[in-house]
file data-v2.csv (CSV, C-alpha atoms and all ligand atoms)
chain,number,residue,atom,x,y,z
Q,1,MET,CA,-40.6,14.5,-13.4
Q,2,ILE,CA,-40.7,10.8,-14.3
Q,3,ASN,CA,-43.9,10.2,-12.3
Q,4,GLY,CA,-45.4,13.3,-13.7
Q,5,LEU,CA,-44.6,12.2,-17.2
Q,6,VAL,CA,-46.1,8.8,-16.7
Q,7,PHE,CA,-49.3,10.2,-15.2
Q,8,THR,CA,-49.6,12.7,-18.0
Q,9,VAL,CA,-49.3,10.0,-20.7
Q,10,GLY,CA,-51.9,7.9,-18.7
Q,11,THR,CA,-54.3,10.8,-18.5
Q,12,LEU,CA,-53.9,11.5,-22.2
Q,13,ALA,CA,-54.4,7.9,-23.1
Q,14,LEU,CA,-57.7,8.0,-21.0
Q,15,ALA,CA,-58.8,11.3,-22.6
Q,16,LEU,CA,-58.0,10.4,-26.2
Q,17,SER,CA,-58.5,6.7,-26.4
Q,18,PRO,CA,-62.0,5.2,-26.9
Q,19,ALA,CA,-61.8,3.3,-23.5
Q,20,THR,CA,-64.5,4.1,-21.0
Q,21,VAL,CA,-65.4,2.8,-17.6
Q,22,SER,CA,-69.0,2.7,-16.4
Q,23,THR,CA,-70.1,3.9,-12.9
Q,24,HIS,CA,-70.8,0.2,-12.0
Q,25,ILE,CA,-67.8,-1.4,-13.6
Q,26,ARG,CA,-68.6,-4.1,-16.1
Q,27,LEU,CA,-66.7,-7.4,-16.2
Q,28,THR,CA,-65.4,-6.7,-19.8
Q,29,GLU,CA,-63.9,-3.4,-18.6
Q,30,ILE,CA,-61.7,-5.0,-15.9
Q,31,PRO,CA,-59.0,-6.3,-18.4
Q,32,VAL,CA,-58.7,-2.9,-19.9
Q,33,LEU,CA,-58.1,-1.4,-16.5
Q,34,VAL,CA,-55.6,-4.1,-15.6
Q,35,VAL,CA,-53.7,-3.6,-18.8
Q,36,GLY,CA,-53.6,0.2,-18.3
Q,37,LEU,CA,-52.4,-0.2,-14.8
Q,38,ALA,CA,-49.7,-2.7,-15.8
Q,39,ALA,CA,-48.5,-0.4,-18.6
Q,40,ILE,CA,-48.3,2.6,-16.2
Q,41,LEU,CA,-46.4,0.5,-13.5
Q,42,ALA,CA,-44.0,-1.0,-16.1
Q,43,ALA,CA,-43.2,2.4,-17.7
Q,44,ASN,CA,-42.7,3.9,-14.2
Q,45,ALA,CA,-40.4,1.1,-13.1
Q,46,LEU,CA,-38.3,1.1,-16.3
Q,47,LEU,CA,-37.8,4.9,-16.2
Q,48,LEU,CA,-37.1,5.1,-12.5
Q,49,ARG,CA,-34.7,2.1,-12.7
Q,50,SER,CA,-32.6,3.7,-15.4
Q,51,SER,CA,-32.5,7.1,-13.8
Q,52,LEU,CA,-31.7,5.7,-10.3
Q,53,ALA,CA,-29.0,3.3,-11.6
Q,54,PRO,CA,-26.2,5.5,-10.4
Q,55,LEU,CA,-27.5,4.9,-6.8
Q,56,ASP,CA,-26.4,1.2,-7.2
Q,57,GLN,CA,-23.0,2.3,-8.3
Q,58,LEU,CA,-22.8,4.7,-5.3
Q,59,ALA,CA,-23.8,1.9,-2.9
Q,60,SER,CA,-21.3,-0.5,-4.2
Q,61,SER,CA,-18.6,2.1,-4.3
Q,62,MET,CA,-19.4,2.9,-0.6
Q,63,GLY,CA,-19.0,-0.8,0.2
Q,64,ARG,CA,-15.6,-0.9,-1.6
Q,65,VAL,CA,-14.1,2.1,0.3
Q,66,ASP,CA,-11.0,0.6,2.0
Q,67,PRO,CA,-8.8,2.8,4.1
Q,68,PRO,CA,-5.4,1.8,2.9
Q,69,ARG,CA,-6.3,1.9,-0.8
Q,70,ARG,CA,-7.3,4.5,-3.3
Q,71,SER,CA,-11.0,4.2,-4.2
Q,72,ASP,CA,-12.5,4.7,-7.7
Q,73,ARG,CA,-14.6,7.8,-8.2
Q,74,ILE,CA,-18.1,7.4,-9.6
Q,75,ASP,CA,-18.8,9.0,-13.0
Q,76,ASP,CA,-20.8,12.1,-12.6
Q,77,ARG,CA,-23.9,10.6,-14.1
Q,78,GLY,CA,-27.4,11.2,-12.9
Q,79,THR,CA,-29.5,14.3,-12.9
Q,80,GLY,CA,-30.6,16.8,-10.3
Q,81,ASP,CA,-30.3,15.7,-6.7
Q,82,LEU,CA,-28.6,12.5,-7.7
Q,83,ARG,CA,-25.8,14.3,-9.5
Q,84,HIS,CA,-25.4,16.5,-6.4
Q,85,LEU,CA,-25.2,13.4,-4.2
Q,86,ILE,CA,-22.6,11.8,-6.4
Q,87,ALA,CA,-20.5,14.9,-6.6
Q,88,SER,CA,-20.7,15.2,-2.8
Q,89,PHE,CA,-19.7,11.6,-2.4
Q,90,ASN,CA,-16.7,12.0,-4.7
Q,91,ALA,CA,-15.7,15.2,-2.9
Q,92,MET,CA,-15.9,13.4,0.5
Q,93,LEU,CA,-13.6,10.6,-0.9
Q,94,ASP,CA,-11.1,13.3,-2.0
Q,95,ARG,CA,-11.2,14.8,1.5
Q,96,LEU,CA,-10.9,11.5,3.3
Q,97,GLU,CA,-7.9,10.4,1.1
Q,98,THR,CA,-6.1,13.7,1.5
Q,99,GLU,CA,-6.6,13.5,5.3
Q,100,ARG,CA,-5.6,9.9,5.4
Q,101,THR,CA,-2.5,10.5,3.4
Q,102,SER,CA,-1.4,13.4,5.5
Q,103,ALA,CA,-2.1,11.5,8.7
Q,104,SER,CA,-0.2,8.4,7.7
Q,105,GLY,CA,2.5,10.6,6.2
Q,106,SER,CA,3.0,12.3,9.6
Q,107,ALA,CA,2.9,8.9,11.4
Q,108,LEU,CA,5.5,7.4,9.1
Q,109,ALA,CA,7.7,10.6,9.3
Q,110,ALA,CA,7.6,10.3,13.1
Q,111,GLN,CA,8.5,6.6,12.8
Q,112,GLU,CA,11.4,7.4,10.5
Q,113,ALA,CA,12.6,10.2,12.9
Q,114,GLU,CA,12.4,7.8,15.9
Q,115,ARG,CA,14.3,5.1,14.0
Q,116,ALA,CA,17.0,7.7,13.1
Q,117,ARG,CA,17.2,8.8,16.8
Q,118,ILE,CA,17.5,5.2,18.0
Q,119,ALA,CA,20.1,4.4,15.3
Q,120,ARG,CA,22.1,7.5,16.4
Q,121,GLU,CA,22.0,6.6,20.0
Q,122,LEU,CA,22.9,3.0,19.3
Q,123,HIS,CA,25.9,4.2,17.3
Q,124,ASP,CA,27.0,7.1,19.5
Q,125,GLU,CA,26.4,5.5,23.0
Q,126,ILE,CA,26.4,1.7,22.9
Q,127,GLY,CA,28.8,1.6,19.9
Q,128,GLN,CA,31.2,4.0,21.7
Q,129,SER,CA,31.0,2.1,25.0
Q,130,LEU,CA,31.6,-1.2,23.3
Q,131,THR,CA,34.6,0.3,21.4
Q,132,VAL,CA,36.0,1.6,24.6
Q,133,ALA,CA,35.5,-1.9,26.2
Q,134,LEU,CA,37.3,-3.5,23.2
Q,135,LEU,CA,40.3,-1.2,23.5
Q,136,ALA,CA,40.5,-1.9,27.3
Q,137,LEU,CA,40.4,-5.6,26.6
Q,138,LYS,CA,43.1,-5.3,24.1
Q,139,ARG,CA,45.3,-3.5,26.6
Q,140,ALA,CA,44.4,-6.2,29.2
Q,141,VAL,CA,45.4,-8.9,26.7
Q,142,ASP,CA,48.8,-7.3,26.2
Q,143,LYS,CA,49.4,-7.2,29.9
Q,144,ALA,CA,47.7,-10.4,31.0
Q,145,PRO,CA,49.6,-13.6,32.0
Q,146,THR,CA,49.4,-16.3,29.3
Q,147,GLY,CA,46.8,-18.4,31.3
Q,148,LEU,CA,44.3,-15.5,31.2
Q,149,ARG,CA,44.7,-14.6,27.6
Q,150,GLY,CA,42.4,-17.3,26.2
Q,151,ASP,CA,39.5,-16.0,28.3
Q,152,LEU,CA,40.2,-12.4,27.4
Q,153,HIS,CA,40.3,-13.3,23.7
Q,154,HIS,CA,36.8,-14.9,24.1
Q,155,ALA,CA,35.6,-11.7,25.8
Q,156,GLN,CA,37.1,-9.6,22.9
Q,157,ASP,CA,35.3,-11.8,20.4
Q,158,ALA,CA,32.0,-11.4,22.2
Q,159,VAL,CA,32.3,-7.6,22.4
Q,160,ARG,CA,33.3,-7.5,18.7
Q,161,GLY,CA,30.2,-9.6,17.9
Q,162,SER,CA,28.0,-7.2,19.9
Q,163,LEU,CA,29.6,-4.2,18.1
Q,164,ASP,CA,28.8,-5.7,14.7
Q,165,GLU,CA,25.2,-6.5,15.8
Q,166,VAL,CA,24.7,-2.9,17.0
Q,167,SER,CA,26.0,-1.5,13.8
Q,168,GLY,CA,23.8,-3.9,11.8
Q,169,ILE,CA,20.7,-2.9,13.8
Q,170,ALA,CA,21.6,0.8,13.4
Q,171,ARG,CA,22.1,0.3,9.6
Q,172,ARG,CA,18.7,-1.3,9.2
Q,173,LEU,CA,17.0,1.4,11.3
Q,174,ARG,CA,18.6,4.2,9.3
Q,175,PRO,CA,19.9,3.2,5.9
Q,176,ASP,CA,22.7,5.7,5.4
Q,177,VAL,CA,23.7,4.0,2.2
Q,178,LEU,CA,20.3,5.1,0.8
Q,179,GLU,CA,21.0,8.7,1.5
Q,180,ASP,CA,24.6,8.6,0.4
Q,181,LEU,CA,24.6,6.3,-2.6
Q,182,GLY,CA,21.0,5.9,-3.7
Q,183,LEU,CA,18.4,3.2,-4.1
Q,184,HIS,CA,20.5,0.9,-6.4
Q,185,SER,CA,23.3,0.5,-3.8
Q,186,ALA,CA,21.0,0.4,-0.9
Q,187,LEU,CA,18.9,-2.5,-2.4
Q,188,ASN,CA,22.1,-4.3,-3.3
Q,189,ALA,CA,23.3,-4.1,0.3
Q,190,LEU,CA,19.9,-5.1,1.6
Q,191,CYS,CA,19.8,-8.2,-0.7
Q,192,SER,CA,23.4,-9.2,0.4
Q,193,GLU,CA,22.5,-8.9,4.1
Q,194,PHE,CA,19.4,-10.9,3.5
Q,195,THR,CA,21.2,-13.8,1.9
Q,196,GLN,CA,23.9,-13.7,4.6
Q,197,ALA,CA,21.3,-13.7,7.4
Q,198,THR,CA,18.8,-16.3,5.9
Q,199,GLY,CA,20.8,-18.4,3.4
Q,200,VAL,CA,18.0,-17.7,0.8
Q,201,ASP,CA,19.3,-16.9,-2.7
Q,202,VAL,CA,18.4,-13.5,-4.1
Q,203,VAL,CA,18.4,-13.1,-7.9
Q,204,LYS,CA,18.7,-9.3,-8.5
Q,205,HIS,CA,17.8,-7.4,-11.6
Q,206,LEU,CA,18.4,-3.8,-10.5
Q,207,ASP,CA,18.6,-1.1,-13.1
Q,208,ALA,CA,22.2,0.1,-12.7
Q,209,HIS,CA,21.6,3.4,-14.5
Q,210,LEU,CA,19.0,4.7,-12.1
Q,211,ALA,CA,19.1,8.4,-11.6
Q,212,ARG,CA,18.7,9.7,-8.1
Q,213,LEU,CA,15.1,10.1,-7.3
Q,214,ASP,CA,13.0,12.0,-4.9
Q,215,PRO,CA,14.2,10.9,-1.4
Q,216,ASN,CA,10.7,10.0,-0.4
Q,217,ILE,CA,10.3,7.7,-3.3
Q,218,GLU,CA,13.7,6.1,-2.6
Q,219,LEU,CA,12.8,5.6,1.1
Q,220,VAL,CA,9.3,4.1,0.2
Q,221,CYS,CA,10.9,1.6,-2.2
Q,222,TYR,CA,13.6,0.7,0.3
Q,223,ARG,CA,11.1,0.2,3.2
Q,224,VAL,CA,8.8,-1.9,1.0
Q,225,ALA,CA,11.7,-4.1,-0.2
Q,226,GLN,CA,12.8,-4.4,3.5
Q,227,GLU,CA,9.4,-5.5,4.7
Q,228,ALA,CA,8.8,-7.8,1.7
Q,229,LEU,CA,12.2,-9.6,2.3
Q,230,THR,CA,11.5,-9.8,6.1
Q,231,ASN,CA,8.2,-11.5,5.2
Q,232,VAL,CA,9.9,-13.9,2.9
Q,233,ALA,CA,12.3,-14.9,5.7
Q,234,ARG,CA,9.5,-15.2,8.3
Q,235,HIS,CA,6.6,-16.7,6.4
Q,236,ALA,CA,7.5,-17.9,2.9
Q,237,GLY,CA,9.8,-20.9,3.4
Q,238,ALA,CA,11.3,-19.9,0.0
Q,239,ASP,CA,14.5,-21.1,-1.7
Q,240,LYS,CA,14.9,-18.1,-4.0
Q,241,VAL,CA,13.7,-14.5,-4.2
Q,242,ARG,CA,13.8,-12.3,-7.2
Q,243,VAL,CA,14.2,-8.6,-6.8
Q,244,ASP,CA,13.6,-6.4,-9.8
Q,245,LEU,CA,14.0,-2.7,-10.0
Q,246,HIS,CA,13.6,-0.9,-13.3
Q,247,ALA,CA,12.6,2.6,-14.4
Q,248,THR,CA,11.1,4.2,-17.4
Q,249,ASP,CA,10.6,7.9,-17.9
Q,250,GLU,CA,7.3,7.7,-16.2
Q,251,HIS,CA,7.4,4.8,-13.7
Q,252,LEU,CA,9.7,3.1,-11.3
Q,253,THR,CA,8.8,-0.6,-10.7
Q,254,LEU,CA,10.0,-2.6,-7.8
Q,255,ARG,CA,9.1,-6.3,-7.8
Q,256,ILE,CA,9.9,-8.9,-5.1
Q,257,ALA,CA,8.8,-12.4,-5.9
Q,258,ASP,CA,9.5,-15.5,-3.9
Q,259,ASP,CA,9.0,-19.2,-4.7
Q,260,GLY,CA,7.6,-20.0,-1.3
Q,261,LYS,CA,4.3,-21.3,-0.1
Q,262,GLY,CA,2.3,-18.1,-0.9
Q,263,GLY,CA,-1.2,-17.7,0.5
Q,264,VAL,CA,-1.2,-14.1,1.9
Q,265,VAL,CA,-4.7,-13.8,3.2
Q,266,THR,CA,-4.8,-11.0,5.8
Q,267,ALA,CA,-2.7,-7.9,6.1
Q,268,GLY,CA,-0.8,-7.3,9.3
Q,269,ALA,CA,1.0,-4.2,10.3
Q,270,GLY,CA,3.7,-5.0,7.7
Q,271,ILE,CA,1.5,-5.1,4.6
Q,272,THR,CA,-0.6,-2.2,5.9
Q,273,GLY,CA,2.5,-0.2,6.4
Q,274,MET,CA,3.6,-1.0,2.8
Q,275,ARG,CA,0.2,0.2,1.5
Q,276,GLU,CA,0.4,3.4,3.5
Q,277,ARG,CA,3.9,4.2,2.3
Q,278,ALA,CA,2.8,3.5,-1.3
Q,279,LEU,CA,0.0,6.0,-1.0
Q,280,LEU,CA,2.4,8.7,0.2
Q,281,VAL,CA,4.1,8.7,-3.2
Q,282,ASP,CA,0.9,8.0,-5.3
Q,283,ALA,CA,2.2,4.5,-6.0
Q,284,THR,CA,0.2,1.3,-6.6
Q,285,LEU,CA,1.1,-1.8,-4.5
Q,286,THR,CA,-0.2,-5.1,-5.6
Q,287,ILE,CA,0.2,-8.5,-3.9
Q,288,ASP,CA,-0.3,-11.7,-5.9
Q,289,SER,CA,0.0,-14.7,-3.6
Q,290,SER,CA,-1.3,-17.9,-5.1
Q,291,SER,CA,-0.5,-20.9,-2.9
Q,292,SER,CA,1.4,-22.7,-5.7
Q,293,GLU,CA,3.5,-20.0,-7.1
Q,294,GLY,CA,4.8,-18.0,-4.1
Q,295,THR,CA,4.2,-14.4,-3.4
Q,296,GLN,CA,4.9,-11.4,-5.6
Q,297,ILE,CA,4.8,-7.8,-4.4
Q,298,ARG,CA,4.8,-5.1,-7.1
Q,299,LEU,CA,5.2,-1.4,-6.4
Q,300,ILE,CA,4.7,1.0,-9.3
Q,301,VAL,CA,5.6,4.6,-8.5
Q,302,PRO,CA,4.9,7.4,-10.9
Q,303,VAL,CA,8.2,9.3,-11.0
Q,304,HIS,CA,7.0,12.5,-12.7
Q,305,VAL,CA,4.6,13.2,-9.8
Q,306,GLN,CA,6.0,15.1,-7.0
Q,307,SER,CA,5.5,13.1,-3.8
Q,308,ARG,CA,3.8,14.7,-0.8
Q,309,PRO,CA,6.3,16.3,1.6
Q,310,ARG,CA,6.7,14.2,4.7
C,401,LIG,N1,6.1,-13.8,1.3
C,401,LIG,C1,5.1,-14.4,2.0
C,401,LIG,N2,4.9,-15.7,1.9
C,401,LIG,C2,3.9,-16.3,2.6
C,401,LIG,N3,3.0,-15.6,3.4
C,401,LIG,C3,3.3,-14.3,3.6
C,401,LIG,C4,4.3,-13.6,2.9
C,401,LIG,N4,4.2,-12.3,3.3
C,401,LIG,C5,3.2,-12.2,4.2
C,401,LIG,N5,2.6,-13.4,4.4
C,401,LIG,C6,1.5,-13.7,5.3
C,401,LIG,O1,0.7,-12.5,5.4
C,401,LIG,C7,0.6,-12.1,6.7
C,401,LIG,C8,0.6,-10.6,6.9
C,401,LIG,O2,1.9,-10.1,6.7
C,401,LIG,P1,2.4,-8.8,7.4
C,401,LIG,O3,3.8,-8.4,7.0
C,401,LIG,O4,1.3,-7.8,7.2
C,401,LIG,O5,2.4,-9.2,8.9
C,401,LIG,P2,3.4,-10.0,9.8
C,401,LIG,O6,4.6,-10.3,9.0
C,401,LIG,O7,2.7,-11.2,10.3
C,401,LIG,O8,3.7,-9.1,11.0
C,401,LIG,P3,4.5,-7.7,11.0
C,401,LIG,O9,3.5,-6.7,11.4
C,401,LIG,O10,5.6,-7.9,12.0
C,401,LIG,O11,5.1,-7.5,9.6
C,401,LIG,C9,1.7,-12.9,7.5
C,401,LIG,O12,1.3,-13.2,8.8
C,401,LIG,C10,1.8,-14.1,6.6
C,401,LIG,O13,0.9,-15.1,7.0
C,402,MG,MG,5.7,-8.6,8.0
call {"tool": "encode", "arguments": {"input": "data-v2.csv", "output": "structure tokens"}}
result
Amino acid sequence: MINGLVFTVGTLALALSPATVSTHIRLTEIPVLVVGLAAILAANALLLRSSLAPLDQLASSMGRVDPPRRSDRIDDRGTGDLRHLIASFNAMLDRLETERTSASGSALAAQEAERARIARELHDEIGQSLTVALLALKRAVDKAPTGLRGDLHHAQDAVRGSLDEVSGIARRLRPDVLEDLGLHSALNALCSEFTQATGVDVVKHLDAHLARLDPNIELVCYRVAQEALTNVARHAGADKVRVDLHATDEHLTLRIADDGKGGVVTAGAGITGMRERALLVDATLTIDSSSSEGTQIRLIVPVHVQSRPR
């Protein structure tokens, strides 16, 4: 249509203007032809440029598509085929995101089920065997001659230590406190365990009047906090971590900020897992990590939106 319009205007200009061209072109007519051609090319370029502008937007949006993040949709501008192309691209993004969310949802659900199974087996099998061993040692201590008692006490301590470790691992694999008492208590327990294990201070600001939320949202927040704190212990070299949790009628915000060395550049399995979990509950996860101010992870979950079943 644009080309047709430009040619029509050019033809009308030729037909209605006094300009003429001789069979053997004269030198004075060349500038007229050049100006006419330049006008046609300029008009064509300007009109095509503005009507094909959404293609640039489409190309840059394609370049930005990043699997673990939600991509922006393109405004349905353009006409004719272009509008159809943009609508198809937006529909393709919708399908990809739905598929990706359900695939990572199933993978994470399988991971949670496997963790729960391992935690159960640790508790029921190894925990039980260690308890039996502890009772047997206690009986042996009661009957043993005095010279042997010291060694048996050492053995008792070692078994008791292993029993504690097994319970700790089982608790981290399946946070029962989350199911029983909710996010506030589970985060409190997680922070205390973190300080105990690493010696890094945690300054907590956890909304104490938090109502029970969708279990998926609680689990996502808990796992994000768990991974963020593990990263602080492993990479940050921090003295202090701040953990904030507060809720409004619409959003739940979890923030974990350390005063360590910062500089998160690439995402490993931990950060990718956080992003995938965030997508499951339509949350936004942002990581600010400037090298001078430590790292801050912020998870904002819309609480009125029903999360996808896992
Ligand atoms: N709090 C932090 N302070 C400084 N660097 C960090 C912090 N958190 C993450 N990083 C950097 O970001 C990288 C990616 O973190 P991520 O959790 O994805 O992977 P990881 O911890 O190396 O391995 P894993 O898959 O076991 O979690 C880390 O290797 C580390 O260099
Ligand atoms: Mg990690």
call {"tool": "residues_around", "arguments": {"input": "data-v2.csv", "residues": "stretch 274-287 of chain Q", "least_positions_apart": "5", "cutoff": "7 Å", "atoms": "only C-alpha atoms", "output": "PyMOL selection string"}}
result
chain Q and resi 68+101+104-105+217+220+224+296-302+307-308
call {"tool": "residues_around", "arguments": {"input": "data-v2.csv", "residues": "Q:Asp201", "least_positions_apart": "3", "cutoff": "9 Å", "atoms": "all atoms listed in the file", "output": "JSON, numbers by chain"}}
result
{"Q": [191, 194, 195, 198, 238, 239, 240, 241, 242]}
call {"tool": "closest_atom_pairs", "arguments": {"input": "data-v2.csv", "of": "chain Q", "to": "ligand LIG 401 (chain C)", "cutoff": "8 Å", "atoms": "all atoms listed in the file", "output": "tab-separated table"}}
result
residue	atom	partner	partner_atom	distance
Q:Glu227	CA	C:LIG401	O3	6.7
Q:Ala228	CA	C:LIG401	N1	6.6
Q:Leu229	CA	C:LIG401	N1	7.5
Q:Thr230	CA	C:LIG401	O6	7.5
Q:Asn231	CA	C:LIG401	N4	4.5
Q:Val232	CA	C:LIG401	N1	4.1
Q:Ala233	CA	C:LIG401	N1	7.7
Q:Arg234	CA	C:LIG401	O6	7.0
Q:His235	CA	C:LIG401	C2	4.7
Q:Ala236	CA	C:LIG401	N2	3.5
Q:Gly237	CA	C:LIG401	N2	7.3
Q:Ala238	CA	C:LIG401	N2	7.9
Q:Ala257	CA	C:LIG401	N1	7.8
Q:Asp258	CA	C:LIG401	N1	6.4
Q:Gly260	CA	C:LIG401	N2	6.0
Q:Lys261	CA	C:LIG401	C2	5.7
Q:Gly262	CA	C:LIG401	C2	4.2
Q:Gly263	CA	C:LIG401	N3	5.5
Q:Val264	CA	C:LIG401	O1	4.3
Q:Val265	CA	C:LIG401	O1	6.0
Q:Thr266	CA	C:LIG401	C8	5.5
Q:Ala267	CA	C:LIG401	O4	4.1
Q:Gly268	CA	C:LIG401	O4	3.0
Q:Ala269	CA	C:LIG401	O9	3.7
Q:Gly270	CA	C:LIG401	O11	3.4
Q:Ile271	CA	C:LIG401	O4	3.8
Q:Thr272	CA	C:LIG401	O4	6.1
Q:Gly273	CA	C:LIG401	O4	7.7
Q:Ser289	CA	C:LIG401	N2	7.4
Q:Gly294	CA	C:LIG401	N2	6.4
Q:Thr295	CA	C:LIG401	N1	5.1
Q:Gln296	CA	C:LIG401	N1	7.4
call {"tool": "write_last_selection", "arguments": {"input": "data-v2.csv", "atoms": "C-alpha atoms", "output": "short mmCIF file (atom, residue, chain, number, x, y, z; two decimals), in the frame of the given file"}}
result
data_model
loop_
_atom_site.label_atom_id
_atom_site.label_comp_id
_atom_site.auth_asym_id
_atom_site.auth_seq_id
_atom_site.Cartn_x
_atom_site.Cartn_y
_atom_site.Cartn_z
CA GLU Q 227 9.40 -5.50 4.70
CA ALA Q 228 8.80 -7.80 1.70
CA LEU Q 229 12.20 -9.60 2.30
CA THR Q 230 11.50 -9.80 6.10
CA ASN Q 231 8.20 -11.50 5.20
CA VAL Q 232 9.90 -13.90 2.90
CA ALA Q 233 12.30 -14.90 5.70
CA ARG Q 234 9.50 -15.20 8.30
CA HIS Q 235 6.60 -16.70 6.40
CA ALA Q 236 7.50 -17.90 2.90
CA GLY Q 237 9.80 -20.90 3.40
CA ALA Q 238 11.30 -19.90 0.00
CA ALA Q 257 8.80 -12.40 -5.90
CA ASP Q 258 9.50 -15.50 -3.90
CA GLY Q 260 7.60 -20.00 -1.30
CA LYS Q 261 4.30 -21.30 -0.10
CA GLY Q 262 2.30 -18.10 -0.90
CA GLY Q 263 -1.20 -17.70 0.50
CA VAL Q 264 -1.20 -14.10 1.90
CA VAL Q 265 -4.70 -13.80 3.20
CA THR Q 266 -4.80 -11.00 5.80
CA ALA Q 267 -2.70 -7.90 6.10
CA GLY Q 268 -0.80 -7.30 9.30
CA ALA Q 269 1.00 -4.20 10.30
CA GLY Q 270 3.70 -5.00 7.70
CA ILE Q 271 1.50 -5.10 4.60
CA THR Q 272 -0.60 -2.20 5.90
CA GLY Q 273 2.50 -0.20 6.40
CA SER Q 289 0.00 -14.70 -3.60
CA GLY Q 294 4.80 -18.00 -4.10
CA THR Q 295 4.20 -14.40 -3.40
CA GLN Q 296 4.90 -11.40 -5.60
#
call {"tool": "atom_distance", "arguments": {"input": "data-v2.csv", "atom1": "atom CA of Q:Leu190", "atom2": "atom CA of Q:His123"}}
result
19.2 Å
call {"tool": "residues_around", "arguments": {"input": "data-v2.csv", "residues": "Q:Leu178", "least_positions_apart": "3", "cutoff": "10 Å", "atoms": "all atoms listed in the file", "output": "list in words"}}
result
Arg174, Pro175, Leu181, Gly182, Leu183, His184, Ser185, Ala186, Leu187, Ala189, Pro215, Glu218, Leu219 and Tyr222 of chain Q
call {"tool": "closest_residue", "arguments": {"input": "data-v2.csv", "among": "Q:Thr248, Q:Gln226, Q:Ser290, Q:Ser51", "to": "ligand MG 402 (chain C)", "atoms": "only C-alpha atoms and all ligand atoms"}}
result
Q:Gln226
call {"tool": "atom_distance", "arguments": {"input": "data-v2.csv", "atom1": "atom CA of Q:Ala87", "atom2": "atom CA of Q:Asp66"}}
result
19.2 Å
call {"tool": "atom_distance", "arguments": {"input": "data-v2.csv", "atom1": "atom CA of Q:Glu112", "atom2": "atom CA of Q:Ser167"}}
result
17.4 Å
call {"tool": "closest_residue", "arguments": {"input": "data-v2.csv", "among": "Q:Ala225, Q:Gly63, Q:His205, Q:Ile2", "to": "ligand MG 402 (chain C)", "atoms": "only C-alpha atoms and all ligand atoms"}}
result
Q:Ala225
call {"tool": "closest_residue", "arguments": {"input": "data-v2.csv", "among": "Q:Arg70, Q:Val243, Q:Gly36, Q:Ile86", "to": "Q:Leu55", "atoms": "all atoms listed in the file"}}
result
Q:Ile86
call {"tool": "residues_around", "arguments": {"input": "data-v2.csv", "residues": "Q:Leu137", "least_positions_apart": "5", "cutoff": "8 Å", "atoms": "all atoms listed in the file", "output": "PyMOL selection string"}}
result
chain Q and resi 152+155-156
call {"tool": "residues_near_point", "arguments": {"input": "data-v2.csv", "point": "(25.5, -4.3, 17.0)", "cutoff": "12 Å", "atoms": "all atoms listed in the file", "output": "ChimeraX atom specification"}}
result
/Q:119,121-131,158-173
call {"tool": "write_last_selection", "arguments": {"input": "data-v2.csv", "atoms": "C-alpha atoms", "output": "mmCIF file, in the coordinates of the input"}}
result
data_model
loop_
_atom_site.group_PDB
_atom_site.id
_atom_site.type_symbol
_atom_site.label_atom_id
_atom_site.label_comp_id
_atom_site.auth_asym_id
_atom_site.auth_seq_id
_atom_site.Cartn_x
_atom_site.Cartn_y
_atom_site.Cartn_z
ATOM 1 C CA ALA Q 119 20.100 4.400 15.300
ATOM 2 C CA GLU Q 121 22.000 6.600 20.000
ATOM 3 C CA LEU Q 122 22.900 3.000 19.300
ATOM 4 C CA HIS Q 123 25.900 4.200 17.300
ATOM 5 C CA ASP Q 124 27.000 7.100 19.500
ATOM 6 C CA GLU Q 125 26.400 5.500 23.000
ATOM 7 C CA ILE Q 126 26.400 1.700 22.900
ATOM 8 C CA GLY Q 127 28.800 1.600 19.900
ATOM 9 C CA GLN Q 128 31.200 4.000 21.700
ATOM 10 C CA SER Q 129 31.000 2.100 25.000
ATOM 11 C CA LEU Q 130 31.600 -1.200 23.300
ATOM 12 C CA THR Q 131 34.600 0.300 21.400
ATOM 13 C CA ALA Q 158 32.000 -11.400 22.200
ATOM 14 C CA VAL Q 159 32.300 -7.600 22.400
ATOM 15 C CA ARG Q 160 33.300 -7.500 18.700
ATOM 16 C CA GLY Q 161 30.200 -9.600 17.900
ATOM 17 C CA SER Q 162 28.000 -7.200 19.900
ATOM 18 C CA LEU Q 163 29.600 -4.200 18.100
ATOM 19 C CA ASP Q 164 28.800 -5.700 14.700
ATOM 20 C CA GLU Q 165 25.200 -6.500 15.800
ATOM 21 C CA VAL Q 166 24.700 -2.900 17.000
ATOM 22 C CA SER Q 167 26.000 -1.500 13.800
ATOM 23 C CA GLY Q 168 23.800 -3.900 11.800
ATOM 24 C CA ILE Q 169 20.700 -2.900 13.800
ATOM 25 C CA ALA Q 170 21.600 0.800 13.400
ATOM 26 C CA ARG Q 171 22.100 0.300 9.600
ATOM 27 C CA ARG Q 172 18.700 -1.300 9.200
ATOM 28 C CA LEU Q 173 17.000 1.400 11.300
#
call {"tool": "closest_residue", "arguments": {"input": "data-v2.csv", "among": "Q:Arg64, Q:His24, Q:Arg223, Q:Arg100", "to": "ligand MG 402 (chain C)", "atoms": "only C-alpha atoms and all ligand atoms"}}
result
Q:Arg223
call {"tool": "residues_around", "arguments": {"input": "data-v2.csv", "residues": "Q:Leu14", "least_positions_apart": "5", "cutoff": "12 Å", "atoms": "only C-alpha atoms", "output": "list in words"}}
result
Phe7, Thr8, Val9, Ala19, Thr20, Val21, Val32, Leu33, Gly36, Leu37 and Ile40 of chain Q
call {"tool": "axis_aligned_box", "arguments": {"input": "data-v2.csv", "around": "stretch 168-177 of chain Q", "padding_each_side": "8 Å", "output": "AutoDock Vina command-line options"}}
result
--center_x 20.4 --center_y 0.9 --center_z 8.0 --size_x 22.8 --size_y 25.6 --size_z 27.6
